[in-house]
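Peer 1: I'm passing along my_file_9.tsv; it holds TSV, C-alpha atoms and all ligand atoms.
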```
chain	number	residue	atom	x	y	z
A	1	MET	CA	78.77	63.70	-63.17
A	2	SER	CA	77.04	66.06	-65.55
A	3	PHE	CA	75.24	64.85	-68.66
A	4	LEU	CA	74.67	68.28	-70.07
A	5	PRO	CA	75.66	68.35	-73.73
A	6	PRO	CA	78.07	71.07	-74.89
A	7	GLY	CA	76.15	74.28	-75.46
A	8	ALA	CA	73.35	73.52	-72.98
A	9	TYR	CA	72.53	76.39	-70.65
A	10	LYS	CA	74.62	76.83	-67.58
A	11	PRO	CA	75.55	80.05	-65.82
A	12	ALA	CA	78.26	81.97	-67.63
A	13	THR	CA	81.82	81.64	-66.44
A	14	ASP	CA	83.76	84.81	-67.07
A	15	HIS	CA	87.50	85.21	-66.89
A	16	TRP	CA	89.10	88.63	-66.92
A	17	GLY	CA	92.67	89.37	-67.90
A	18	SER	CA	95.03	89.91	-70.79
A	19	PHE	CA	94.56	87.73	-73.83
A	20	GLU	CA	98.10	86.48	-73.46
A	21	LYS	CA	97.38	85.23	-69.96
A	22	LEU	CA	93.93	83.80	-70.66
A	23	SER	CA	94.99	82.07	-73.87
A	24	LYS	CA	96.81	79.57	-71.64
A	25	ARG	CA	93.37	78.24	-70.73
A	26	LEU	CA	92.87	77.03	-74.29
A	27	PRO	CA	93.21	73.24	-74.55
A	28	GLU	CA	95.76	72.07	-77.08
A	29	GLY	CA	94.26	70.95	-80.38
A	30	SER	CA	91.46	73.53	-80.31
A	31	VAL	CA	90.25	75.49	-83.31
A	32	ALA	CA	90.31	79.28	-83.12
A	33	VAL	CA	88.35	81.71	-85.29
A	34	VAL	CA	89.68	85.24	-85.16
A	35	ASP	CA	88.49	88.53	-86.64
A	36	ARG	CA	91.25	89.52	-89.06
A	37	THR	CA	90.73	93.20	-88.24
A	38	VAL	CA	91.38	92.52	-84.58
A	39	THR	CA	94.64	90.72	-85.34
A	40	ARG	CA	95.85	93.81	-87.20
A	41	PHE	CA	95.33	95.99	-84.15
A	42	HIS	CA	96.64	93.37	-81.74
A	43	PRO	CA	99.59	91.56	-83.32
A	44	GLY	CA	100.21	89.49	-80.19
A	45	LEU	CA	96.97	87.51	-80.60
A	46	ILE	CA	98.05	85.00	-83.23
A	47	PRO	CA	101.40	84.13	-81.57
A	48	ALA	CA	99.58	83.60	-78.26
A	49	LEU	CA	97.17	81.21	-79.98
A	50	GLU	CA	99.93	79.44	-81.87
A	51	ALA	CA	101.65	78.74	-78.58
A	52	ARG	CA	98.64	76.53	-77.71
A	53	SER	CA	99.22	74.23	-80.72
A	54	PRO	CA	95.77	74.66	-82.22
A	55	ARG	CA	94.48	72.41	-84.99
A	56	ALA	CA	93.61	75.52	-86.99
A	57	ILE	CA	93.42	79.30	-86.74
A	58	ILE	CA	90.79	80.64	-89.11
A	59	GLN	CA	90.81	84.34	-89.89
A	60	ILE	CA	87.62	86.05	-91.05
A	61	THR	CA	87.13	89.76	-91.53
A	62	GLY	CA	84.42	90.80	-89.08
A	63	GLY	CA	81.34	92.79	-90.07
A	64	GLU	CA	77.75	91.98	-90.95
A	65	ARG	CA	78.84	90.56	-94.31
A	66	ALA	CA	80.77	87.86	-92.47
A	67	LYS	CA	77.55	86.45	-91.04
A	68	ASN	CA	76.82	84.19	-93.99
A	69	PHE	CA	76.88	80.55	-94.98
A	70	ALA	CA	80.29	80.92	-96.65
A	71	SER	CA	81.90	81.89	-93.35
A	72	LEU	CA	79.98	79.17	-91.56
A	73	GLU	CA	81.25	76.62	-94.05
A	74	GLN	CA	84.79	77.92	-93.62
A	75	VAL	CA	84.57	77.42	-89.86
A	76	LEU	CA	82.98	73.98	-90.20
A	77	ALA	CA	85.70	72.92	-92.65
A	78	GLY	CA	88.43	74.19	-90.31
A	79	GLY	CA	86.83	72.33	-87.44
A	80	LEU	CA	86.34	68.99	-89.21
A	81	SER	CA	89.03	67.20	-87.28
A	82	LEU	CA	87.88	68.52	-83.92
A	83	PRO	CA	86.68	65.73	-81.62
A	84	ARG	CA	83.33	66.10	-79.86
A	85	SER	CA	85.22	67.01	-76.71
A	86	GLY	CA	87.10	69.74	-78.61
A	87	THR	CA	86.89	73.50	-78.20
A	88	LEU	CA	86.01	76.18	-80.70
A	89	LEU	CA	87.25	79.63	-79.76
A	90	ALA	CA	85.62	82.80	-81.16
A	91	VAL	CA	87.72	85.96	-80.99
A	92	GLY	CA	85.76	88.88	-82.42
A	93	GLY	CA	82.69	91.07	-82.26
A	94	GLY	CA	79.08	89.94	-82.51
A	95	THR	CA	79.34	88.85	-86.11
A	96	ILE	CA	82.22	86.42	-85.59
A	97	GLY	CA	80.67	85.30	-82.30
A	98	ASP	CA	77.33	84.58	-83.98
A	99	VAL	CA	78.81	82.52	-86.83
A	100	VAL	CA	81.09	80.55	-84.54
A	101	THR	CA	78.19	79.84	-82.16
A	102	VAL	CA	76.25	78.25	-85.03
A	103	ALA	CA	79.34	76.28	-86.04
A	104	ALA	CA	79.88	75.07	-82.46
A	105	HIS	CA	76.30	73.82	-82.42
A	106	LEU	CA	76.63	71.94	-85.70
A	107	LEU	CA	80.14	70.51	-85.50
A	108	LYS	CA	79.92	66.92	-84.26
A	109	ARG	CA	76.39	67.84	-83.06
A	110	GLY	CA	77.89	70.23	-80.56
A	111	VAL	CA	81.35	71.10	-79.32
A	112	ARG	CA	82.54	73.33	-76.52
A	113	LEU	CA	82.51	77.07	-77.24
A	114	VAL	CA	84.65	79.81	-75.72
A	115	GLN	CA	83.89	83.43	-76.57
A	116	VAL	CA	86.37	86.28	-76.52
A	117	PRO	CA	84.30	89.38	-77.27
A	118	THR	CA	86.41	92.11	-78.87
A	119	THR	CA	83.77	94.82	-79.22
A	120	LEU	CA	82.00	96.38	-76.29
A	121	LEU	CA	78.68	95.38	-77.84
A	122	ALA	CA	79.78	91.77	-77.93
A	123	ALA	CA	81.10	91.99	-74.36
A	124	VAL	CA	77.88	93.36	-72.88
A	125	ASP	CA	75.40	91.61	-75.13
A	126	SER	CA	76.05	89.19	-77.98
A	127	SER	CA	78.69	86.93	-76.41
A	128	LEU	CA	76.31	86.08	-73.59
A	129	GLY	CA	72.94	84.40	-73.81
A	130	GLY	CA	73.62	81.50	-76.13
A	131	LYS	CA	72.30	82.89	-79.38
A	132	GLY	CA	74.08	82.54	-82.68
A	133	ALA	CA	72.80	83.05	-86.20
A	134	VAL	CA	73.71	83.68	-89.80
A	135	ASP	CA	71.99	85.98	-92.30
A	136	LEU	CA	70.28	84.93	-95.53
A	137	THR	CA	70.15	86.91	-98.74
A	138	LEU	CA	66.81	86.61	-100.51
A	139	ARG	CA	66.32	88.37	-103.83
A	140	GLY	CA	69.19	90.68	-103.03
A	141	ARG	CA	67.83	91.62	-99.59
A	142	VAL	CA	69.65	90.61	-96.46
A	143	VAL	CA	67.40	88.99	-93.87
A	144	LYS	CA	69.09	89.15	-90.47
A	145	ASN	CA	69.40	86.09	-88.25
A	146	PRO	CA	66.78	83.70	-89.71
A	147	ALA	CA	69.01	80.65	-89.28
A	148	GLY	CA	70.03	80.45	-85.67
A	149	VAL	CA	70.69	78.26	-82.68
A	150	PHE	CA	71.01	78.38	-78.93
A	151	HIS	CA	74.45	77.17	-77.91
A	152	TYR	CA	75.83	78.56	-74.69
A	153	ALA	CA	79.51	79.34	-74.36
A	154	ASP	CA	81.37	77.43	-71.70
A	155	GLU	CA	83.51	80.42	-70.87
A	156	ALA	CA	83.98	84.02	-71.89
A	157	TRP	CA	87.33	85.73	-71.67
A	158	ILE	CA	87.12	89.47	-71.26
A	159	CYS	CA	90.39	91.12	-72.22
A	160	PRO	CA	90.09	94.86	-71.62
A	161	GLU	CA	93.23	95.69	-73.61
A	162	ILE	CA	91.48	94.53	-76.79
A	163	PHE	CA	88.85	97.28	-76.43
A	164	SER	CA	91.56	99.95	-76.75
A	165	SER	CA	91.33	99.84	-80.55
A	166	LEU	CA	87.58	100.52	-80.70
A	167	SER	CA	86.35	103.87	-82.01
A	168	GLU	CA	84.41	106.32	-79.89
A	169	ALA	CA	81.23	105.37	-81.79
A	170	GLN	CA	81.82	101.69	-81.02
A	171	HIS	CA	82.30	102.50	-77.34
A	172	ARG	CA	79.06	104.51	-77.32
A	173	GLU	CA	77.15	101.70	-79.00
A	174	GLY	CA	78.16	99.14	-76.38
A	175	ALA	CA	77.56	101.58	-73.55
A	176	ILE	CA	74.02	102.30	-74.76
A	177	GLU	CA	73.14	98.59	-74.75
A	178	ALA	CA	74.68	98.23	-71.29
A	179	TRP	CA	72.80	101.21	-69.85
A	180	LYS	CA	69.63	99.79	-71.43
A	181	MET	CA	69.90	96.74	-69.16
A	182	VAL	CA	70.55	98.86	-66.09
A	183	VAL	CA	67.62	101.20	-66.81
A	184	CYS	CA	65.20	98.28	-67.20
A	185	LEU	CA	66.47	95.97	-64.50
A	186	ASP	CA	68.29	97.72	-61.68
A	187	GLY	CA	67.00	101.02	-60.29
A	188	PRO	CA	69.53	101.46	-57.45
A	189	LEU	CA	72.43	100.79	-59.83
A	190	PHE	CA	71.00	103.27	-62.32
A	191	ARG	CA	70.95	105.96	-59.63
A	192	ARG	CA	74.58	105.20	-58.80
A	193	TYR	CA	75.45	105.48	-62.50
A	194	VAL	CA	73.73	108.87	-62.67
A	195	ARG	CA	75.78	110.12	-59.73
A	196	LYS	CA	79.00	108.83	-61.23
A	197	ALA	CA	79.37	107.28	-64.67
A	198	PRO	CA	80.95	103.82	-64.33
A	199	ALA	CA	84.38	102.89	-65.63
A	200	LEU	CA	84.40	100.54	-68.61
A	201	GLU	CA	85.13	97.38	-66.65
A	202	LYS	CA	82.34	98.01	-64.19
A	203	LEU	CA	79.89	98.75	-66.99
A	204	VAL	CA	80.73	95.45	-68.68
A	205	LYS	CA	80.57	93.47	-65.44
A	206	ASP	CA	77.20	94.96	-64.43
A	207	ALA	CA	75.67	94.48	-67.87
A	208	ARG	CA	76.84	90.87	-68.06
A	209	ARG	CA	75.48	90.14	-64.60
A	210	LEU	CA	72.11	91.64	-65.52
A	211	LYS	CA	71.87	89.88	-68.87
A	212	GLU	CA	72.91	86.60	-67.25
A	213	SER	CA	70.19	86.99	-64.62
A	214	VAL	CA	67.59	87.34	-67.38
A	215	CYS	CA	68.95	84.41	-69.43
A	216	ALA	CA	69.10	82.20	-66.33
A	217	GLN	CA	65.32	82.62	-65.96
A	218	ASP	CA	64.56	82.20	-69.66
A	219	PRO	CA	67.54	80.43	-71.28
A	220	TYR	CA	65.71	79.38	-74.45
A	221	GLU	CA	63.45	82.41	-74.83
A	222	GLN	CA	60.26	80.66	-73.92
A	223	SER	CA	58.77	82.59	-71.03
A	224	GLY	CA	59.03	85.94	-72.74
A	225	LEU	CA	61.21	87.40	-70.00
A	226	ARG	CA	64.09	87.96	-72.40
A	227	ARG	CA	61.93	90.46	-74.25
A	228	VAL	CA	63.13	93.08	-71.79
A	229	LEU	CA	66.45	93.03	-73.65
A	230	ASN	CA	64.57	94.55	-76.60
A	231	PHE	CA	63.85	97.83	-74.85
A	232	GLY	CA	64.32	100.54	-77.49
A	233	HIS	CA	64.60	98.01	-80.30
A	234	SER	CA	61.15	98.37	-81.98
A	235	PHE	CA	61.69	101.93	-83.15
A	236	GLY	CA	65.45	101.41	-83.02
A	237	HIS	CA	65.21	98.86	-85.84
A	238	VAL	CA	62.98	101.22	-87.83
A	239	LEU	CA	65.50	104.07	-87.49
A	240	GLU	CA	68.40	101.74	-88.30
A	241	SER	CA	66.63	100.63	-91.51
A	242	LEU	CA	65.56	104.15	-92.49
A	243	SER	CA	69.17	105.28	-92.20
A	244	ARG	CA	70.11	102.38	-94.49
A	245	PHE	CA	72.27	101.15	-91.65
A	246	LYS	CA	74.40	104.32	-91.58
A	247	LEU	CA	73.22	104.77	-88.01
A	248	SER	CA	74.90	102.14	-85.87
A	249	HIS	CA	72.68	99.59	-84.14
A	250	GLY	CA	73.50	101.01	-80.71
A	251	ASP	CA	72.83	104.60	-81.70
A	252	ALA	CA	69.52	103.53	-83.26
A	253	VAL	CA	68.57	101.66	-80.08
A	254	GLY	CA	69.43	104.73	-78.00
A	255	LEU	CA	67.03	106.84	-80.08
A	256	GLY	CA	64.50	103.98	-80.01
A	257	MET	CA	64.62	104.17	-76.22
A	258	LEU	CA	63.56	107.81	-76.38
A	259	CYS	CA	60.62	106.75	-78.59
A	260	ALA	CA	59.72	103.99	-76.11
A	261	LEU	CA	59.75	106.53	-73.26
A	262	ASP	CA	57.38	108.74	-75.27
A	263	VAL	CA	55.05	105.82	-76.02
A	264	GLY	CA	55.11	104.83	-72.35
A	265	ARG	CA	54.20	108.36	-71.28
A	266	ALA	CA	51.44	108.63	-73.88
A	267	MET	CA	49.90	105.39	-72.59
A	268	GLY	CA	50.18	106.44	-68.96
A	269	VAL	CA	52.60	103.58	-68.28
A	270	THR	CA	55.81	105.55	-67.84
A	271	PRO	CA	55.61	108.42	-65.32
A	272	GLY	CA	56.76	111.73	-66.85
A	273	LYS	CA	59.44	112.17	-64.19
A	274	VAL	CA	60.92	108.76	-64.97
A	275	ALA	CA	60.99	109.47	-68.69
A	276	THR	CA	62.74	112.80	-68.15
A	277	GLN	CA	65.30	111.30	-65.80
A	278	VAL	CA	66.10	108.41	-68.12
A	279	GLU	CA	66.36	110.62	-71.18
A	280	GLU	CA	68.74	113.00	-69.41
A	281	ALA	CA	70.83	110.14	-68.07
A	282	MET	CA	71.08	108.44	-71.47
A	283	ARG	CA	72.34	111.70	-72.96
A	284	ALA	CA	74.85	112.44	-70.21
A	285	GLY	CA	76.01	108.87	-69.64
A	286	PRO	CA	76.45	106.74	-72.76
A	287	GLY	CA	75.77	109.72	-75.05
A	288	VAL	CA	72.51	108.95	-76.86
A	289	LEU	CA	72.24	111.16	-79.95
A	290	GLY	CA	69.85	114.11	-80.13
A	291	ARG	CA	66.22	113.97	-81.20
A	292	ASP	CA	67.15	115.94	-84.33
A	293	ARG	CA	68.53	112.64	-85.67
A	294	ILE	CA	65.09	111.02	-85.29
A	295	ALA	CA	63.54	113.98	-87.08
A	296	ALA	CA	66.03	113.88	-89.97
A	297	LEU	CA	65.32	110.20	-90.59
A	298	LEU	CA	61.54	110.38	-90.23
A	299	ARG	CA	61.23	113.41	-92.47
A	300	ARG	CA	62.41	111.47	-95.45
A	301	ALA	CA	60.38	108.34	-94.73
A	302	PRO	CA	56.80	107.73	-95.86
A	303	LEU	CA	54.60	106.59	-92.99
A	304	SER	CA	53.77	103.44	-94.96
A	305	ASP	CA	57.44	102.39	-94.82
A	306	VAL	CA	57.42	102.73	-91.05
A	307	VAL	CA	54.20	100.73	-90.73
A	308	GLU	CA	55.76	98.00	-92.85
A	309	LEU	CA	59.01	98.01	-90.89
A	310	LEU	CA	57.18	97.81	-87.58
A	311	ALA	CA	54.97	94.98	-88.87
A	312	ALA	CA	58.08	93.05	-89.88
A	313	ASP	CA	59.48	93.52	-86.40
A	314	LYS	CA	59.72	90.16	-84.75
A	315	LYS	CA	58.47	91.66	-81.52
A	316	ALA	CA	55.00	92.25	-82.98
A	317	GLY	CA	52.16	90.45	-81.22
A	318	LYS	CA	49.92	87.76	-82.69
A	319	ALA	CA	47.30	90.10	-84.10
A	320	GLY	CA	50.03	92.22	-85.63
A	321	GLU	CA	49.94	94.83	-82.88
A	322	LEU	CA	53.21	96.33	-81.77
A	323	ARG	CA	54.48	94.69	-78.61
A	324	MET	CA	56.86	96.96	-76.74
A	325	VAL	CA	58.88	97.02	-73.55
A	326	LEU	CA	57.79	100.10	-71.59
A	327	LEU	CA	59.22	101.40	-68.34
A	328	THR	CA	56.86	101.59	-65.38
A	329	GLY	CA	59.63	103.02	-63.25
A	330	ILE	CA	63.39	103.01	-63.20
A	331	GLY	CA	64.43	99.37	-63.06
A	332	ALA	CA	60.85	98.20	-63.73
A	333	PHE	CA	59.10	97.42	-66.98
A	334	GLU	CA	56.01	95.96	-68.59
A	335	ILE	CA	55.39	94.43	-71.99
A	336	ARG	CA	52.47	96.21	-73.63
A	337	ASP	CA	50.67	96.09	-76.93
A	338	VAL	CA	50.75	99.48	-78.58
A	339	SER	CA	48.12	100.55	-81.09
A	340	GLU	CA	49.08	102.24	-84.31
A	341	ALA	CA	47.03	105.28	-83.26
A	342	THR	CA	49.20	105.71	-80.16
A	343	TRP	CA	52.50	106.04	-81.94
A	344	ARG	CA	51.00	107.90	-84.89
A	345	ASN	CA	49.93	110.64	-82.46
A	346	LEU	CA	53.57	111.08	-81.48
A	347	TRP	CA	54.70	111.26	-85.08
A	348	PRO	CA	54.32	115.03	-85.67
A	349	ALA	CA	56.49	115.87	-82.66
A	350	TRP	CA	59.11	113.23	-83.53
A	351	LYS	CA	59.27	114.59	-87.06
A	352	GLN	CA	60.14	117.99	-85.66
A	353	GLY	CA	62.73	116.65	-83.28
A	354	LEU	CA	60.57	117.51	-80.29
A	355	ARG	CA	59.63	115.59	-77.20
A	356	PRO	CA	55.85	115.01	-77.53
B	401	LIG	N1	73.80	86.67	-80.36
B	401	LIG	C1	73.23	87.68	-79.75
B	401	LIG	O1	72.60	87.55	-78.72
B	401	LIG	C2	73.41	89.05	-80.34
B	401	LIG	C3	73.04	90.17	-79.60
B	401	LIG	C4	73.27	91.42	-80.14
B	401	LIG	C5	73.84	91.54	-81.40
B	401	LIG	N2	74.17	90.42	-82.10
B	401	LIG	C6	74.80	90.51	-83.42
B	401	LIG	O2	76.07	91.10	-83.24
B	401	LIG	C7	76.45	91.75	-84.45
B	401	LIG	C8	77.03	93.10	-84.11
B	401	LIG	O3	78.14	92.93	-83.27
B	401	LIG	P1	79.38	93.93	-83.32
B	401	LIG	O4	78.92	95.32	-83.20
B	401	LIG	O5	80.39	93.43	-82.36
B	401	LIG	O6	79.82	93.79	-84.83
B	401	LIG	P2	81.11	93.27	-85.62
B	401	LIG	O7	81.50	91.91	-85.24
B	401	LIG	O8	80.76	93.50	-87.05
B	401	LIG	O9	82.24	94.30	-85.20
B	401	LIG	C9	82.14	95.62	-85.65
B	401	LIG	C10	83.40	96.04	-86.38
B	401	LIG	O10	84.45	96.21	-85.43
B	401	LIG	C11	85.60	95.45	-85.82
B	401	LIG	N3	86.24	95.08	-84.56
B	401	LIG	C12	85.95	94.04	-83.74
B	401	LIG	N4	86.71	94.11	-82.64
B	401	LIG	C13	87.52	95.18	-82.76
B	401	LIG	C14	88.51	95.76	-81.94
B	401	LIG	N5	88.82	95.26	-80.74
B	401	LIG	N6	89.13	96.86	-82.39
B	401	LIG	C15	88.82	97.41	-83.59
B	401	LIG	N7	87.87	96.91	-84.40
B	401	LIG	C16	87.21	95.81	-83.98
B	401	LIG	C17	85.05	94.33	-86.64
B	401	LIG	O11	86.02	93.81	-87.52
B	401	LIG	C18	83.92	95.03	-87.39
B	401	LIG	O12	84.42	95.72	-88.48
B	401	LIG	C19	75.22	91.81	-85.31
B	401	LIG	O13	75.33	90.90	-86.38
B	401	LIG	C20	74.10	91.41	-84.39
B	401	LIG	O14	73.04	90.72	-85.05
B	401	LIG	C21	73.97	89.19	-81.59
B	402	ZN	ZN	70.61	95.55	-79.61
```
I need this file expressed as structure tokens, please.
Ligand SMILES: NC(=O)c1ccc[n+]([C@@H]2O[C@H](COP(=O)([O-])OP(=O)(O)OC[C@H]3O[C@@H](n4cnc5c(N)ncnc54)[C@H](O)[C@@H]3O)[C@@H](O)[C@H]2O)c1
Ligand SMILES: [Zn+2]

Peer 2:
Amino acid sequence: MSFLPPGAYKPATDHWGSFEKLSKRLPEGSVAVVDRTVTRFHPGLIPALEARSPRAIIQITGGERAKNFASLEQVLAGGLSLPRSGTLLAVGGGTIGDVVTVAAHLLKRGVRLVQVPTTLLAAVDSSLGGKGAVDLTLRGRVVKNPAGVFHYADEAWICPEIFSSLSEAQHREGAIEAWKMVVCLDGPLFRRYVRKAPALEKLVKDARRLKESVCAQDPYEQSGLRRVLNFGHSFGHVLESLSRFKLSHGDAVGLGMLCALDVGRAMGVTPGKVATQVEEAMRAGPGVLGRDRIAALLRRAPLSDVVELLAADKKAGKAGELRMVLLTGIGAFEIRDVSEATWRNLWPAWKQGLRP
């Protein structure tokens, strides 16, 4: 008999198939939270859920603005009558998944959570690993993810037909995050990807396996191992902010990976050949944008803004130094502290869209 409370870490259980088929796994009397946008593209979703006699189906329009206390309260209110043994189902991208994860943690001090990721980003990243959070708005500025929990999903249902309504940019964004895991964690797989780009299902399966293997070793982010998942995110977050979030998170991370390769080379950590190979593969495979996009964003940003953005980065070390994931080879990485002088030296080339 297991005494693990709902939401405690255990290895992910994935089920693949159509939503209609997998929805039959939903216990009667569950509460479902569904991204309204997704229901518009996939009109069969709500009837399939209704067939399971849920206590409530809550519709929320997905997007970063949904990740607030109002949505959280809406989910908590809808889930009030759920018993502790009940199930909360999240059908949506990372934003719906994050809010519902927090709600699953709070409701009755923890209920069972099932995730149905509907974006590729959610499928390869956010629906796995137990994290959920909501944003706070302070003096008009949105602070991302300050109020969060760890609450692992019991199951994930991956329904490939739901991804058919995603835009090309949304596909690229998820693919970049998936390739990121392969580049850092699995050299042989990376080489296979370079020879032949993987089909969508394989990409999702591989990325989930790799992320799961990291989470299994560091389920509550204590050993620091999970930091590897932040490859490309230090400068990625800077570029995302400088673009005022016009650049998608995934595209920003892709460009941030190029910056991390440059930093790694400058510090003698990343061999030049590795950096070249990875950059070429990221362009040809998931379709990382060109360096001209880095240049366009940096040209209009004062250096002081970048220093401030990097300092605010939660990956910064204790003394305020920049702590980055750098590749030592393909499928191998190190966490290193990077001095301001190091990245400032790269600045002139980045500003011209050149590889330093
Ligand atoms: N918990 C974690 O570990 C983790 C990891 C990475 C990112 N995140 C979070 O995830 C969020 C981003 O996730 P996201 O990119 O999935 O965002 P999202 O949930 O905002 O989805 C993006 C957009 O796509 C729409 N959409 C969703 N599924 C669709 C479908 N099948 N077809 C058409 N449109 C669809 C949504 O309505 C939304 O407008 C961020 O808030 C980020 O902080 C969390
Ligand atoms: Zn990311």

Peer 1: Leaving out Gly129 in chain A and any residue of its chain fewer than 6 positions from it, which residues lie within 9 Å of it when counting all atoms listed in the file, given as number ranges by chain?

Peer 2: A: 9, 12, 150-153, 211-212, 214-216, 219-220

Peer 1: From the list A:Arg208, A:His249, A:Lys10, A:Arg172, which residue is nearest ligand LIG 401 (chain B) when using only C-alpha atoms and all ligand atoms?

Peer 2: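 Smallest distance to ligand LIG 401 (chain B) is found for A:His249.
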
Peer 1: Produce as a ChimeraX atom specification the set of residues near ligand LIG 401 (chain B), where near means within 8 Å with all atoms listed in the file considered.

Peer 2: /A:35-38,41,61-64,66-67,92-98,117-122,125-133,144-145,162-167,170,173-174,249

Peer 1: Each residue of chain A with at least one atom at most 7 Å from ligand ZN 402 (chain B) should appear once, together with its nearest atom pair and the corresponding distance in Å (one decimal); atoms considered: only C-alpha atoms and all ligand atoms; ordering: chain, then increasing residue number; output as a Markdown table.

Peer 2:
```
| residue | atom | partner | partner_atom | distance |
| --- | --- | --- | --- | --- |
| A:Glu177 | CA | B:ZN402 | ZN | 6.3 |
| A:Asn230 | CA | B:ZN402 | ZN | 6.8 |
| A:His233 | CA | B:ZN402 | ZN | 6.5 |
| A:His249 | CA | B:ZN402 | ZN | 6.4 |
| A:Gly250 | CA | B:ZN402 | ZN | 6.3 |
| A:Val253 | CA | B:ZN402 | ZN | 6.5 |
```

Peer 1: For each of A:Pro160, A:Ser339, A:Arg283, A:Cys259, take the minimum atom-to-atom distance to Arg355 in chain A, counting only C-alpha atoms, then give the residue where this is smallest.

Peer 2: A:Cys259

Peer 1: Keeping N, CA and C atoms, write range 269-286 of chain A of the structure just shown out as a PDB file, in the first residue's frame.

Peer 2:
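So the final result, stored in selection39.pdb, reads:
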```pdb
ATOM      1  N   VAL A 269      35.020  26.326 -22.730  1.00  0.00           N
ATOM      2  CA  VAL A 269      34.255  25.184 -22.211  1.00  0.00           C
ATOM      3  C   VAL A 269      33.639  24.390 -23.364  1.00  0.00           C
ATOM      4  N   THR A 270      33.108  25.104 -24.340  1.00  0.00           N
ATOM      5  CA  THR A 270      32.462  24.442 -25.478  1.00  0.00           C
ATOM      6  C   THR A 270      33.436  24.412 -26.668  1.00  0.00           C
ATOM      7  N   PRO A 271      33.816  23.222 -27.123  1.00  0.00           N
ATOM      8  CA  PRO A 271      34.702  23.154 -28.291  1.00  0.00           C
ATOM      9  C   PRO A 271      34.040  23.821 -29.512  1.00  0.00           C
ATOM     10  N   GLY A 272      34.857  24.507 -30.314  1.00  0.00           N
ATOM     11  CA  GLY A 272      34.319  25.226 -31.475  1.00  0.00           C
ATOM     12  C   GLY A 272      33.514  24.322 -32.396  1.00  0.00           C
ATOM     13  N   LYS A 273      33.995  23.085 -32.582  1.00  0.00           N
ATOM     14  CA  LYS A 273      33.318  22.168 -33.493  1.00  0.00           C
ATOM     15  C   LYS A 273      31.915  21.827 -32.993  1.00  0.00           C
ATOM     16  N   VAL A 274      31.823  21.659 -31.678  1.00  0.00           N
ATOM     17  CA  VAL A 274      30.525  21.333 -31.061  1.00  0.00           C
ATOM     18  C   VAL A 274      29.559  22.500 -31.266  1.00  0.00           C
ATOM     19  N   ALA A 275      30.062  23.709 -31.016  1.00  0.00           N
ATOM     20  CA  ALA A 275      29.201  24.889 -31.136  1.00  0.00           C
ATOM     21  C   ALA A 275      28.679  25.027 -32.565  1.00  0.00           C
ATOM     22  N   THR A 276      29.567  24.810 -33.530  1.00  0.00           N
ATOM     23  CA  THR A 276      29.158  24.928 -34.935  1.00  0.00           C
ATOM     24  C   THR A 276      28.106  23.888 -35.282  1.00  0.00           C
ATOM     25  N   GLN A 277      28.367  22.670 -34.852  1.00  0.00           N
ATOM     26  CA  GLN A 277      27.441  21.567 -35.154  1.00  0.00           C
ATOM     27  C   GLN A 277      26.064  21.819 -34.549  1.00  0.00           C
ATOM     28  N   VAL A 278      26.061  22.267 -33.299  1.00  0.00           N
ATOM     29  CA  VAL A 278      24.777  22.485 -32.626  1.00  0.00           C
ATOM     30  C   VAL A 278      24.036  23.649 -33.281  1.00  0.00           C
ATOM     31  N   GLU A 279      24.767  24.707 -33.582  1.00  0.00           N
ATOM     32  CA  GLU A 279      24.098  25.863 -34.204  1.00  0.00           C
ATOM     33  C   GLU A 279      23.480  25.466 -35.543  1.00  0.00           C
ATOM     34  N   GLU A 280      24.230  24.734 -36.338  1.00  0.00           N
ATOM     35  CA  GLU A 280      23.699  24.311 -37.647  1.00  0.00           C
ATOM     36  C   GLU A 280      22.481  23.404 -37.484  1.00  0.00           C
ATOM     37  N   ALA A 281      22.572  22.494 -36.521  1.00  0.00           N
ATOM     38  CA  ALA A 281      21.461  21.558 -36.311  1.00  0.00           C
ATOM     39  C   ALA A 281      20.211  22.287 -35.815  1.00  0.00           C
ATOM     40  N   MET A 282      20.397  23.264 -34.941  1.00  0.00           N
ATOM     41  CA  MET A 282      19.242  23.994 -34.396  1.00  0.00           C
ATOM     42  C   MET A 282      18.555  24.819 -35.487  1.00  0.00           C
ATOM     43  N   ARG A 283      19.344  25.272 -36.464  1.00  0.00           N
ATOM     44  CA  ARG A 283      18.756  25.994 -37.593  1.00  0.00           C
ATOM     45  C   ARG A 283      17.972  25.044 -38.485  1.00  0.00           C
ATOM     46  N   ALA A 284      18.647  23.930 -38.856  1.00  0.00           N
ATOM     47  CA  ALA A 284      18.057  23.000 -39.821  1.00  0.00           C
ATOM     48  C   ALA A 284      16.913  22.195 -39.224  1.00  0.00           C
ATOM     49  N   GLY A 285      17.038  21.838 -37.950  1.00  0.00           N
ATOM     50  CA  GLY A 285      16.021  20.997 -37.306  1.00  0.00           C
ATOM     51  C   GLY A 285      14.808  21.811 -36.884  1.00  0.00           C
ATOM     52  N   PRO A 286      14.800  22.288 -35.641  1.00  0.00           N
ATOM     53  CA  PRO A 286      13.600  22.989 -35.159  1.00  0.00           C
ATOM     54  C   PRO A 286      13.427  24.370 -35.763  1.00  0.00           C
TER      55      PRO A 286
END
```
